[in-house]
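File shown here: input.cif, holding mmCIF, C-alpha atoms.
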data_work
#
loop_
_atom_site.label_atom_id
_atom_site.label_comp_id
_atom_site.auth_asym_id
_atom_site.auth_seq_id
_atom_site.Cartn_x
_atom_site.Cartn_y
_atom_site.Cartn_z
CA MET A 1 -11.98 -13.22 19.24
CA SER A 2 -11.66 -13.12 15.46
CA ALA A 3 -8.40 -13.41 13.56
CA LEU A 4 -6.75 -10.39 11.97
CA PRO A 5 -7.29 -9.86 8.23
CA ASP A 6 -4.47 -11.00 5.93
CA PRO A 7 -1.90 -8.14 5.75
CA ALA A 8 -1.02 -9.19 2.19
CA THR A 9 -4.51 -8.16 1.05
CA HIS A 10 -5.62 -5.71 3.76
CA ALA A 11 -3.66 -2.48 4.28
CA PHE A 12 -2.78 -2.16 7.95
CA ARG A 13 0.31 -1.59 10.04
CA LYS A 14 0.66 -0.65 13.73
CA ASP A 15 0.91 3.03 12.81
CA LEU A 16 -1.62 3.24 9.96
CA ALA A 17 -4.56 1.35 8.50
CA ASP A 18 -7.12 1.77 5.75
CA VAL A 19 -10.20 3.43 7.26
CA ALA A 20 -12.25 0.53 5.89
CA LEU A 21 -10.55 -1.65 8.53
CA ALA A 22 -11.55 0.51 11.50
CA GLY A 23 -13.11 -1.77 14.09
CA ARG A 24 -11.26 -4.81 12.70
CA VAL A 25 -7.64 -3.80 13.39
CA ILE A 26 -5.95 -1.51 15.89
CA ALA A 27 -3.72 1.21 14.47
CA SER A 28 -2.51 4.61 15.67
CA HIS A 29 -4.17 6.28 12.67
CA TYR A 30 -6.69 5.43 9.96
CA ALA A 31 -6.70 6.99 6.50
CA GLU A 32 -8.86 7.06 3.39
CA PRO A 33 -6.71 5.83 0.49
CA LEU A 34 -5.83 8.34 -2.22
CA LEU A 35 -6.64 7.04 -5.68
CA ARG A 36 -3.56 7.31 -7.90
CA HIS A 37 -2.50 5.78 -11.19
CA ILE A 38 0.84 4.22 -11.94
CA GLY A 39 2.75 6.27 -14.53
CA PHE A 40 4.97 3.46 -15.79
CA GLU A 41 5.41 -0.25 -15.10
CA THR A 42 6.77 -0.72 -11.61
CA ALA A 43 7.22 -3.30 -8.88
CA LEU A 44 4.98 -3.59 -5.83
CA ARG A 45 7.43 -4.60 -3.10
CA ASP A 46 7.06 -6.07 0.38
CA ALA A 47 9.23 -3.35 1.96
CA PRO A 48 10.30 0.21 1.07
CA SER A 49 13.59 -0.76 -0.55
CA PRO A 50 14.73 -1.33 -4.15
CA THR A 51 16.14 -4.68 -3.03
CA ALA A 52 12.94 -5.87 -1.30
CA SER A 53 11.05 -8.82 -2.76
CA VAL A 54 8.71 -8.06 -5.63
CA ILE A 55 5.11 -9.05 -4.90
CA VAL A 56 3.81 -8.26 -8.37
CA THR A 57 4.53 -5.93 -11.29
CA ILE A 58 2.01 -3.14 -11.74
CA SER A 59 1.32 -1.91 -15.28
CA ALA A 60 1.23 1.72 -16.39
CA SER A 61 -2.19 3.31 -15.74
CA ASP A 62 -3.15 0.68 -13.14
CA THR A 63 -4.83 2.06 -10.03
CA PHE A 64 -2.85 2.39 -6.80
CA ARG A 65 -4.66 3.24 -3.58
CA MET A 66 -2.06 5.07 -1.50
CA LEU A 67 -2.24 5.40 2.28
CA ASP A 68 1.24 6.71 3.03
CA CYS A 69 3.97 8.49 1.12
CA SER A 70 7.36 9.00 2.74
CA LEU A 71 11.07 8.76 2.01
CA GLY A 72 10.46 8.13 -1.69
CA TRP A 73 7.99 5.28 -1.23
CA GLY A 74 4.22 4.99 -1.42
CA TRP A 75 2.46 2.37 0.68
CA GLY A 76 -0.95 1.08 -0.29
CA TYR A 77 -2.54 -1.49 -2.52
CA ALA A 78 -3.06 -2.38 -6.16
CA GLY A 79 -4.90 -5.32 -7.62
CA GLY A 80 -5.88 -6.40 -4.12
CA LEU A 81 -2.28 -6.72 -2.92
CA VAL A 82 -0.59 -4.50 -0.33
CA GLY A 83 2.93 -3.17 -0.72
CA TYR A 84 5.30 -0.35 -1.55
CA VAL A 85 6.03 1.41 -4.85
CA GLU A 86 8.62 4.02 -5.64
CA VAL A 87 6.95 7.44 -5.53
CA GLU A 88 8.38 8.42 -8.93
CA SER A 89 6.17 5.76 -10.55
CA ILE A 90 2.95 7.28 -9.14
CA GLY A 91 0.92 9.72 -11.22
CA ALA A 92 -2.09 11.81 -10.20
#

Let me see whether you can do it: turn the structure in this file into structure tokens.
Amino acid sequence: MSALPDPATHAFRKDLADVALAGRVIASHYAEPLLRHIGFETALRDAPSPTASVIVTISASDTFRMLDCSLGWGWGYAGGLVGYVEVESIGA
């Protein structure tokens, strides 16, 4: 049996995973990420909370591939790293 992909660089949770990981991870649902751009510099965090640890700072106009958006937070990946950003920082 193979090991799971690294969750820091591969977007998967028990309830949701990037469709690209279908067959590699088990999740309740799989989704195609929505391509978004960051509107202003923001933190990519390890949890959906303003006090959660910052993984990296994302610059304005950087690409964010969003898989989930709820309770004011977007979950997805940017620059190859998975985490949460405040929804207000996400543009179209």

8 Å contact set for Ile58 (chain A), all atoms listed in the file, chain neighbours under 6 positions out, as a PyMOL selection string: chain A and resi 38+41-44+78

For each of A:Trp73, A:Leu81, A:Pro33, A:Pro5, take the minimum atom-to-atom distance to Val56 (chain A), counting all atoms listed in the file, then give the residue where this is smallest. A:Leu81

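Of note, CA of Ala31 (chain A) and CA of Ala17 (chain A) are spaced 6.4 Å apart.
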
Phe12 (chain A) environment, 12 Å, all atoms listed in the file, sequence neighbours closer than 4 positions dropped, as a PyMOL selection string: chain A and resi 4-8+16-22+24-33+66-68+75-77+81-83

CA of Leu35 (chain A) to CA of Arg65 (chain A), straight-line distance in Å: 4.8 Å

May I ask which of the residues A:Gly80, A:Gly23, A:Ser61, A:Ser49 is the closest one to Thr9 (chain A), counting all atoms listed in the file?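 Closest to Thr9 (chain A), using all atoms listed in the file: A:Gly80.
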
State, in Å with one decimal place, the distance from CA of Lys14 (chain A) to CA of Leu71 (chain A). 18.3 Å

Could you check the closest approach to Ala60 (chain A) for each of A:Gly72, A:Ser89, A:Gly79, A:Pro48 and tell me which residue wins, using only C-alpha atoms? A:Ser89
